[in-house]
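What follows is a set of notes on a single structure, which appears directly below.
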Amino acid sequence: MGILTLITSILNGVLGIVPALTQQQTNGASTWGTLQAPTFPPFLRNNPLPLGYPWGGLTAYSNNPYTEAPNTGVVRRYTFTVSRGLIAPDGYEKNVILINGQFPGPQIEANWGDTLSVTVKNRITGPEEGTAFHWHGILHKDTPWFDGVPSVHQCPIAPGQDFTYTFKADLYGTSWYHSHYSGQYAGGLFGPLIIHGPKNADYDVDLGPVMLTDHYHDEYYDIVKTVMTPLDKGGNPRPSSDNNLINGKMDFDCFTVKAGDKTKCNNNAGISKFKFTTGKVHRLRLINAGADGLQRFSIDGHDLKVIANDFVPVKPYTTKVVTLGVGQRADVLVKADQGASNSAFWMRSNLSTPCSSTNQPLALAAIYYDKADTKKAPKSTAQNVPDPGNCVNDDLALTVPFYSIKPPRPATTRNLDVSFRVNASNIFLWELDKQSFRANYNSPVLLLAHKGNLTYTAEWNVKDFGSNSSIRIVVNNPTPASHPMHLHGHNMFILHAGPGNWDGVSITNPNNPQRRDTQMLPGNGHVVWQINADNPGVWPFHCHIAWHSSGGLYANILERPTDIKKDVHVPMIMAQTCRDWAQYTNTDVVAQIDSGL
């Protein structure tokens, strides 16, 4: 059939609109991608509402989100049971790992200032695996133990064991959670994280998450093995995805499967559908929850008004295409005013082929105004916005935070440049500051720092910034590959990004630069970022391409180690989890074939 024939069949309504598979077959117990998926309120109301809002009189314009976050006293509890399953998100049946039987996973929802308590039950069998969960973009001030990176904050959750993460919803907007154990989240362990907070723009309907994910038919562990295999024995450090999904759904051309592959496959799995209310403004929470690909999102005939990047409200600006690297989010507003109430339009997300490795880059979903026939395909045409192929985010001059903060003069500046090498075993490895990372699951760096142990093996790639009050990092990337670079525990001031090495002077919007937790680092280019060292802990800084993290493109930022040692509130569960993991690994040897993260 081929890619063009597949897409044409969907556009003409031959495939996708009336699926041949049930929702249970494609996505398990999830309702994502269906017209029964939930919409979301401006905030949760089963809690006190001082001055009419859970956060009282705080606003997006007047209050510093990093120093004035409320404490509502409300605890939101969730339980995640993690187990294997068999589903066919695009019609190709595969073994996955699910949360509560759902793909993508269930939403976590809270108000700004609530406390979240999430119990993860590791019930992965056949074979068993450890796991750990990261809450992407959460600052974890006073709870650095619960950031969820094994070998850094905790030992992995052993098979058959439970672990409860407790932390404050300290920022607001759109994010996601995911496993942080090898490339495991590419096997299905991710879901949306929505924290309601003050508005910085008006809208009528919150349609919730739109998760954009490249999709692989091979199991994640097999992909990691290929990434970490010697090059002369078939190793491939940049494997290609097989498809591209919107909220866990898309069709696939089953005639393109590898010769001899007898896996069950159906061309007509079905695509995601969304309902717009004519004349109303809709909020879409875009999330690139993929493993590798740079996504370019658009809606035929409609402009997108961007109101937030990651967990940072921005001064609204209008575009036709939103570009998101892995881990990045954008909240956009879309008005349903481009046709009569029986109109329908295509939603599109394309993997940027100059920046991603994929066999099928195009994802489609259908948007129906309220009186449109949801059993018919839209007839709209795509926006005429060619892919520039430069693998970058929107110009930093456009992305101005709604709440203004001027970064101070940095107390220290350091380069963490990207490089790669082929080791003595002929395995391709990525490096940050000339070091490739490898985890030790049994010795979390943060727990060692709390005991006063500040001497670490080189492959843990710990960068000790001592008591410095602010830190500036220059990341030069002389390699041709782009990288979505993510920092835990902070929103970075993004001071500059561009081609070549930084000139040491240029800063975009120096009085109020873009802030976000994930930023695209261009190939043969640079990014300069800065943080205020106001969050003692060990904070991973890494490429969010799963296969690059597997290959070692990762470092640990050790922030204010003296204050870590002073903190005596380490939960007892941390030591018990390490004892459980040690007991498990004493009898079952864990095959850590990559960096571990």
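Here, A, B, ... name the chains of the structure tokens in the order displayed, residue numbers run from 1 inside each chain, and ligands are numbered from 1 in the same displayed order.
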
Using only C-alpha atoms, find each residue in region 299-386 of chain A having at least one atom no more than 9 Å away from region 507-520 of chain A; report its shortest atom-to-atom pair and that distance in Å (one decimal), rows by chain then rising number, as a Markdown table.
```
| residue | atom | partner | partner_atom | distance |
| --- | --- | --- | --- | --- |
| A:Asn309 | CA | A:Arg516 | CA | 6.7 |
| A:Asp310 | CA | A:Arg516 | CA | 5.7 |
| A:Phe311 | CA | A:Arg516 | CA | 6.7 |
| A:Val312 | CA | A:Arg516 | CA | 6.3 |
| A:Val314 | CA | A:Gln514 | CA | 8.3 |
| A:Leu324 | CA | A:Met520 | CA | 8.5 |
| A:Gly325 | CA | A:Met520 | CA | 6.4 |
| A:Val326 | CA | A:Thr518 | CA | 8.3 |
| A:Gly327 | CA | A:Thr518 | CA | 6.5 |
| A:Gln328 | CA | A:Thr518 | CA | 5.8 |
| A:Arg329 | CA | A:Thr518 | CA | 8.8 |
```

Residues at most 7 Å from region 90-92 of chain A, counting only C-alpha atoms, excluding those fewer than 5 positions away in the same chain, as a ChimeraX atom specification? /A:26,249-252,264-269

Please produce a file of those selected residues containing N, CA and C atoms, as a compact mmCIF listing (two decimals), in the first residue's frame.
```
# COMPACT_ATOMS: atom_id res chain seq x y z
N THR A 26 -7.33 -1.97 20.79
CA THR A 26 -6.28 -1.02 20.42
C THR A 26 -5.64 -0.34 21.61
N LYS A 249 -3.47 6.34 18.91
CA LYS A 249 -4.20 5.71 17.82
C LYS A 249 -3.68 6.19 16.46
N MET A 250 -3.71 5.28 15.48
CA MET A 250 -3.44 5.57 14.08
C MET A 250 -3.59 4.27 13.31
N ASP A 251 -3.80 4.36 12.01
CA ASP A 251 -3.81 3.18 11.15
C ASP A 251 -2.39 2.85 10.70
N PHE A 252 -2.23 1.62 10.19
CA PHE A 252 -0.93 1.16 9.71
C PHE A 252 -1.13 0.29 8.47
N LYS A 264 -0.30 -10.59 14.17
CA LYS A 264 -1.63 -10.14 13.77
C LYS A 264 -1.59 -8.66 13.43
N CYS A 265 -2.22 -8.29 12.32
CA CYS A 265 -2.19 -6.89 11.90
C CYS A 265 -3.47 -6.57 11.15
N ASN A 266 -4.04 -5.39 11.42
CA ASN A 266 -5.26 -4.93 10.76
C ASN A 266 -5.03 -3.50 10.28
N ASN A 267 -5.28 -3.27 8.99
CA ASN A 267 -5.05 -1.94 8.41
C ASN A 267 -5.92 -0.85 9.03
N ASN A 268 -7.05 -1.23 9.62
CA ASN A 268 -8.07 -0.26 10.01
C ASN A 268 -8.28 -0.28 11.52
N ALA A 269 -7.24 0.07 12.28
CA ALA A 269 -7.37 0.11 13.74
C ALA A 269 -8.24 1.26 14.20
```

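With only C-alpha atoms as the atoms that count, the minimum distance from Val528 (chain A) to the choices A:Lys379, A:Arg285, A:Lys335, A:His496 is reached by A:His496.
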
To test your reading of the structure, identify every residue in region 305-497 of chain A that backbone DSSP assigns to strand (DSSP E), and report it as a ChimeraX atom specification. /A:305-309,312-319,322-324,329-335,344-351,362-369,412-415,418-422,428-432,462-464,470-477,483-487,492-497

Write out as number ranges by chain the residues lying within 7 Å of Gly13 (chain A), counting only C-alpha atoms and excluding same-chain residues fewer than 3 positions away. A: 9-10, 16-17, 376-377

Can you write just those residues out, N, CA, C and O atoms, as a tab-separated table (two decimals), in the first residue's frame?
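New file again_10.tsv:
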```
chain	number	residue	atom	x	y	z
A	9	SER	N	-6.04	6.77	1.92
A	9	SER	CA	-7.19	5.95	2.32
A	9	SER	C	-7.87	6.51	3.56
A	9	SER	O	-9.09	6.49	3.67
A	10	ILE	N	-7.06	7.05	4.49
A	10	ILE	CA	-7.65	7.66	5.68
A	10	ILE	C	-8.36	8.96	5.31
A	10	ILE	O	-9.50	9.21	5.73
A	16	GLY	N	-9.93	4.14	9.07
A	16	GLY	CA	-9.74	4.99	10.24
A	16	GLY	C	-10.98	5.53	10.88
A	16	GLY	O	-11.08	5.60	12.10
A	17	ILE	N	-11.96	5.98	10.08
A	17	ILE	CA	-13.12	6.66	10.64
A	17	ILE	C	-14.05	5.66	11.33
A	17	ILE	O	-14.54	5.90	12.43
A	376	LYS	N	-18.06	10.10	9.10
A	376	LYS	CA	-17.53	10.52	7.80
A	376	LYS	C	-16.20	11.22	7.99
A	376	LYS	O	-15.96	11.87	9.00
A	377	ALA	N	-15.35	11.10	6.99
A	377	ALA	CA	-14.02	11.71	7.05
A	377	ALA	C	-14.11	13.20	6.75
A	377	ALA	O	-14.91	13.63	5.90
```

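Reported to one decimal place, the separation of CA of Thr413 (chain A) from CA of Arg560 (chain A) is 15.5 Å.
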
List the spatial neighbours of region 362-373 of chain A as a PyMOL selection string - criterion: any atom at most 8 Å away, only C-alpha atoms, same-chain residues fewer than 4 positions off excluded. chain A and resi 7+243-246+250+271-278+336+340-351+377-378

Let me see the file: selected residues, C-alpha atoms, as a compact mmCIF listing (two decimals), in the first residue's frame.
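Contents of result_11.txt, freshly written:
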```txt
# COMPACT_ATOMS: atom_id res chain seq x y z
CA ILE A 7 -2.79 8.41 4.24
CA ASN A 243 4.29 4.88 12.98
CA ASN A 244 3.07 8.09 14.60
CA LEU A 245 0.11 8.21 17.00
CA ILE A 246 -2.28 10.84 18.35
CA MET A 250 -3.44 5.57 14.08
CA ILE A 271 -7.86 7.09 14.49
CA SER A 272 -8.52 9.50 17.34
CA LYS A 273 -11.56 11.78 17.26
CA PHE A 274 -12.24 15.11 18.98
CA LYS A 275 -15.43 17.20 19.32
CA PHE A 276 -15.41 21.00 18.95
CA THR A 277 -18.32 23.22 19.96
CA THR A 278 -19.09 25.69 17.18
CA ALA A 336 -14.18 26.63 16.18
CA ALA A 340 -20.81 25.68 9.89
CA SER A 341 -21.73 23.48 12.83
CA ASN A 342 -21.59 20.38 10.59
CA SER A 343 -17.95 21.01 9.62
CA ALA A 344 -15.06 18.61 10.19
CA PHE A 345 -11.30 19.11 9.97
CA TRP A 346 -8.13 17.04 10.10
CA MET A 347 -5.75 17.30 13.02
CA ARG A 348 -2.20 16.45 11.92
CA SER A 349 1.09 15.74 13.61
CA ASN A 350 4.07 14.99 11.40
CA LEU A 351 7.41 13.69 12.53
CA ALA A 377 -14.02 11.71 7.05
CA PRO A 378 -13.21 15.45 7.07
```

Write out as number ranges by chain all residues of region 159-398 of chain A that backbone DSSP assigns to alpha helix (DSSP H). A: 220-227

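If you look at CA of Trp135 (chain A) and CA of Ala575 (chain A), they are 20.7 Å away from each other.
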
Against region 534-551 of chain A, which residues of region 478-505 of chain A fall within 12 Å? For each one I want the closest pair of atoms and the distance in Å (one decimal), counting only C-alpha atoms, rows by chain and increasing residue number, as JSON lines.
```
{"residue": "A:Ala481", "atom": "CA", "partner": "A:His548", "partner_atom": "CA", "distance": 10.3}
{"residue": "A:Ser482", "atom": "CA", "partner": "A:Cys543", "partner_atom": "CA", "distance": 9.4}
{"residue": "A:His483", "atom": "CA", "partner": "A:Cys543", "partner_atom": "CA", "distance": 5.7}
{"residue": "A:Pro484", "atom": "CA", "partner": "A:Cys543", "partner_atom": "CA", "distance": 5.4}
{"residue": "A:Met485", "atom": "CA", "partner": "A:Cys543", "partner_atom": "CA", "distance": 4.5}
{"residue": "A:His486", "atom": "CA", "partner": "A:His542", "partner_atom": "CA", "distance": 5.5}
{"residue": "A:Leu487", "atom": "CA", "partner": "A:Phe541", "partner_atom": "CA", "distance": 4.5}
{"residue": "A:His488", "atom": "CA", "partner": "A:Trp539", "partner_atom": "CA", "distance": 5.1}
{"residue": "A:Gly489", "atom": "CA", "partner": "A:Trp539", "partner_atom": "CA", "distance": 5.9}
{"residue": "A:His490", "atom": "CA", "partner": "A:Asn535", "partner_atom": "CA", "distance": 7.9}
{"residue": "A:Asn491", "atom": "CA", "partner": "A:Asn535", "partner_atom": "CA", "distance": 11.2}
{"residue": "A:Met492", "atom": "CA", "partner": "A:Phe541", "partner_atom": "CA", "distance": 10.9}
```

Could you take the residues named above and write them with N, CA, C and O atoms, as a PDB file, in the first residue's frame?
```
ATOM      1  N   ALA A 481      23.346  15.782  15.091  1.00  0.00           N
ATOM      2  CA  ALA A 481      22.046  15.399  15.653  1.00  0.00           C
ATOM      3  C   ALA A 481      21.523  16.481  16.594  1.00  0.00           C
ATOM      4  O   ALA A 481      22.273  17.078  17.366  1.00  0.00           O
ATOM      5  N   SER A 482      20.204  16.727  16.543  1.00  0.00           N
ATOM      6  CA  SER A 482      19.560  17.616  17.503  1.00  0.00           C
ATOM      7  C   SER A 482      19.141  16.804  18.718  1.00  0.00           C
ATOM      8  O   SER A 482      18.944  15.590  18.645  1.00  0.00           O
ATOM      9  N   HIS A 483      18.968  17.497  19.857  1.00  0.00           N
ATOM     10  CA  HIS A 483      18.666  16.806  21.117  1.00  0.00           C
ATOM     11  C   HIS A 483      17.670  17.626  21.938  1.00  0.00           C
ATOM     12  O   HIS A 483      17.959  18.796  22.235  1.00  0.00           O
ATOM     13  N   PRO A 484      16.543  17.046  22.353  1.00  0.00           N
ATOM     14  CA  PRO A 484      15.663  17.713  23.318  1.00  0.00           C
ATOM     15  C   PRO A 484      16.240  17.533  24.721  1.00  0.00           C
ATOM     16  O   PRO A 484      16.159  16.451  25.303  1.00  0.00           O
ATOM     17  N   MET A 485      16.842  18.586  25.258  1.00  0.00           N
ATOM     18  CA  MET A 485      17.564  18.485  26.523  1.00  0.00           C
ATOM     19  C   MET A 485      16.644  18.876  27.680  1.00  0.00           C
ATOM     20  O   MET A 485      16.076  19.969  27.704  1.00  0.00           O
ATOM     21  N   HIS A 486      16.525  17.968  28.648  1.00  0.00           N
ATOM     22  CA  HIS A 486      15.593  18.133  29.769  1.00  0.00           C
ATOM     23  C   HIS A 486      16.364  18.238  31.069  1.00  0.00           C
ATOM     24  O   HIS A 486      17.273  17.447  31.334  1.00  0.00           O
ATOM     25  N   LEU A 487      15.979  19.215  31.905  1.00  0.00           N
ATOM     26  CA  LEU A 487      16.540  19.363  33.242  1.00  0.00           C
ATOM     27  C   LEU A 487      15.462  19.072  34.274  1.00  0.00           C
ATOM     28  O   LEU A 487      14.369  19.644  34.217  1.00  0.00           O
ATOM     29  N   HIS A 488      15.763  18.192  35.225  1.00  0.00           N
ATOM     30  CA  HIS A 488      14.849  17.912  36.322  1.00  0.00           C
ATOM     31  C   HIS A 488      14.996  18.986  37.398  1.00  0.00           C
ATOM     32  O   HIS A 488      16.053  19.596  37.558  1.00  0.00           O
ATOM     33  N   GLY A 489      13.935  19.210  38.168  1.00  0.00           N
ATOM     34  CA  GLY A 489      14.010  20.047  39.358  1.00  0.00           C
ATOM     35  C   GLY A 489      13.989  21.542  39.120  1.00  0.00           C
ATOM     36  O   GLY A 489      14.007  22.314  40.096  1.00  0.00           O
ATOM     37  N   HIS A 490      13.930  21.985  37.866  1.00  0.00           N
ATOM     38  CA  HIS A 490      13.985  23.414  37.564  1.00  0.00           C
ATOM     39  C   HIS A 490      13.286  23.701  36.238  1.00  0.00           C
ATOM     40  O   HIS A 490      13.197  22.832  35.363  1.00  0.00           O
ATOM     41  N   ASN A 491      12.844  24.951  36.090  1.00  0.00           N
ATOM     42  CA  ASN A 491      12.647  25.529  34.774  1.00  0.00           C
ATOM     43  C   ASN A 491      13.888  26.339  34.446  1.00  0.00           C
ATOM     44  O   ASN A 491      14.285  27.223  35.219  1.00  0.00           O
ATOM     45  N   MET A 492      14.506  26.039  33.337  1.00  0.00           N
ATOM     46  CA  MET A 492      15.713  26.742  32.916  1.00  0.00           C
ATOM     47  C   MET A 492      15.350  28.097  32.310  1.00  0.00           C
ATOM     48  O   MET A 492      14.365  28.210  31.575  1.00  0.00           O
TER      49      MET A 492
END
```

How close does region 521-573 of chain A get to region 444-462 of chain A? List, as a Markdown table, each residue of region 521-573 of chain A within 8 Å, its nearest atom pair and the distance in Å to one decimal, counting only C-alpha atoms.
```
| residue | atom | partner | partner_atom | distance |
| --- | --- | --- | --- | --- |
| A:Gly537 | CA | A:Leu446 | CA | 6.7 |
| A:Val538 | CA | A:Leu446 | CA | 5.8 |
| A:Tyr554 | CA | A:Asn461 | CA | 7.5 |
| A:Ala555 | CA | A:Asn461 | CA | 5.0 |
| A:Asn556 | CA | A:Val462 | CA | 4.6 |
| A:Ile557 | CA | A:Val462 | CA | 6.2 |
| A:Leu558 | CA | A:Val462 | CA | 6.5 |
| A:Pro561 | CA | A:Ala449 | CA | 6.5 |
| A:Thr562 | CA | A:Gly452 | CA | 7.9 |
| A:Ile564 | CA | A:His450 | CA | 5.4 |
| A:Lys565 | CA | A:His450 | CA | 4.2 |
| A:Lys566 | CA | A:His450 | CA | 7.5 |
| A:Asp567 | CA | A:His450 | CA | 7.3 |
```

Please produce an output containing C-alpha atoms for each residue in the selection, written as an mmCIF file, in the first residue's frame.
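Produced file part.cif, reproduced below:
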```
data_model
loop_
_atom_site.group_PDB
_atom_site.id
_atom_site.type_symbol
_atom_site.label_atom_id
_atom_site.label_comp_id
_atom_site.auth_asym_id
_atom_site.auth_seq_id
_atom_site.Cartn_x
_atom_site.Cartn_y
_atom_site.Cartn_z
ATOM 1 C CA GLY A 537 19.231 17.956 45.193
ATOM 2 C CA VAL A 538 20.705 15.859 42.395
ATOM 3 C CA TYR A 554 23.209 12.352 30.592
ATOM 4 C CA ALA A 555 24.737 14.175 33.578
ATOM 5 C CA ASN A 556 23.754 14.803 37.205
ATOM 6 C CA ILE A 557 23.665 18.384 38.497
ATOM 7 C CA LEU A 558 24.598 18.261 42.207
ATOM 8 C CA PRO A 561 25.273 19.329 48.651
ATOM 9 C CA THR A 562 25.795 20.785 52.135
ATOM 10 C CA ILE A 564 21.244 17.994 51.123
ATOM 11 C CA LYS A 565 23.205 16.600 54.058
ATOM 12 C CA LYS A 566 21.278 18.834 56.487
ATOM 13 C CA ASP A 567 17.920 17.474 55.311
#
```

Sorted by chain and rising residue number, list the residues of region 391-417 of chain A at most 10 Å from region 424-441 of chain A (counting only C-alpha atoms), each with its closest atom pair and distance in Å to one decimal, as JSON lines.
```
{"residue": "A:Arg414", "atom": "CA", "partner": "A:Asp433", "partner_atom": "CA", "distance": 9.8}
{"residue": "A:Asn415", "atom": "CA", "partner": "A:Asp433", "partner_atom": "CA", "distance": 7.3}
{"residue": "A:Leu416", "atom": "CA", "partner": "A:Asp433", "partner_atom": "CA", "distance": 4.6}
{"residue": "A:Asp417", "atom": "CA", "partner": "A:Asp433", "partner_atom": "CA", "distance": 5.1}
```

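For the residues A:Gly126, A:Gly339, A:Gly85, A:Gly389, ranking by smallest atom-to-atom distance to Ser352 (chain A) using only C-alpha atoms places A:Gly389 first.
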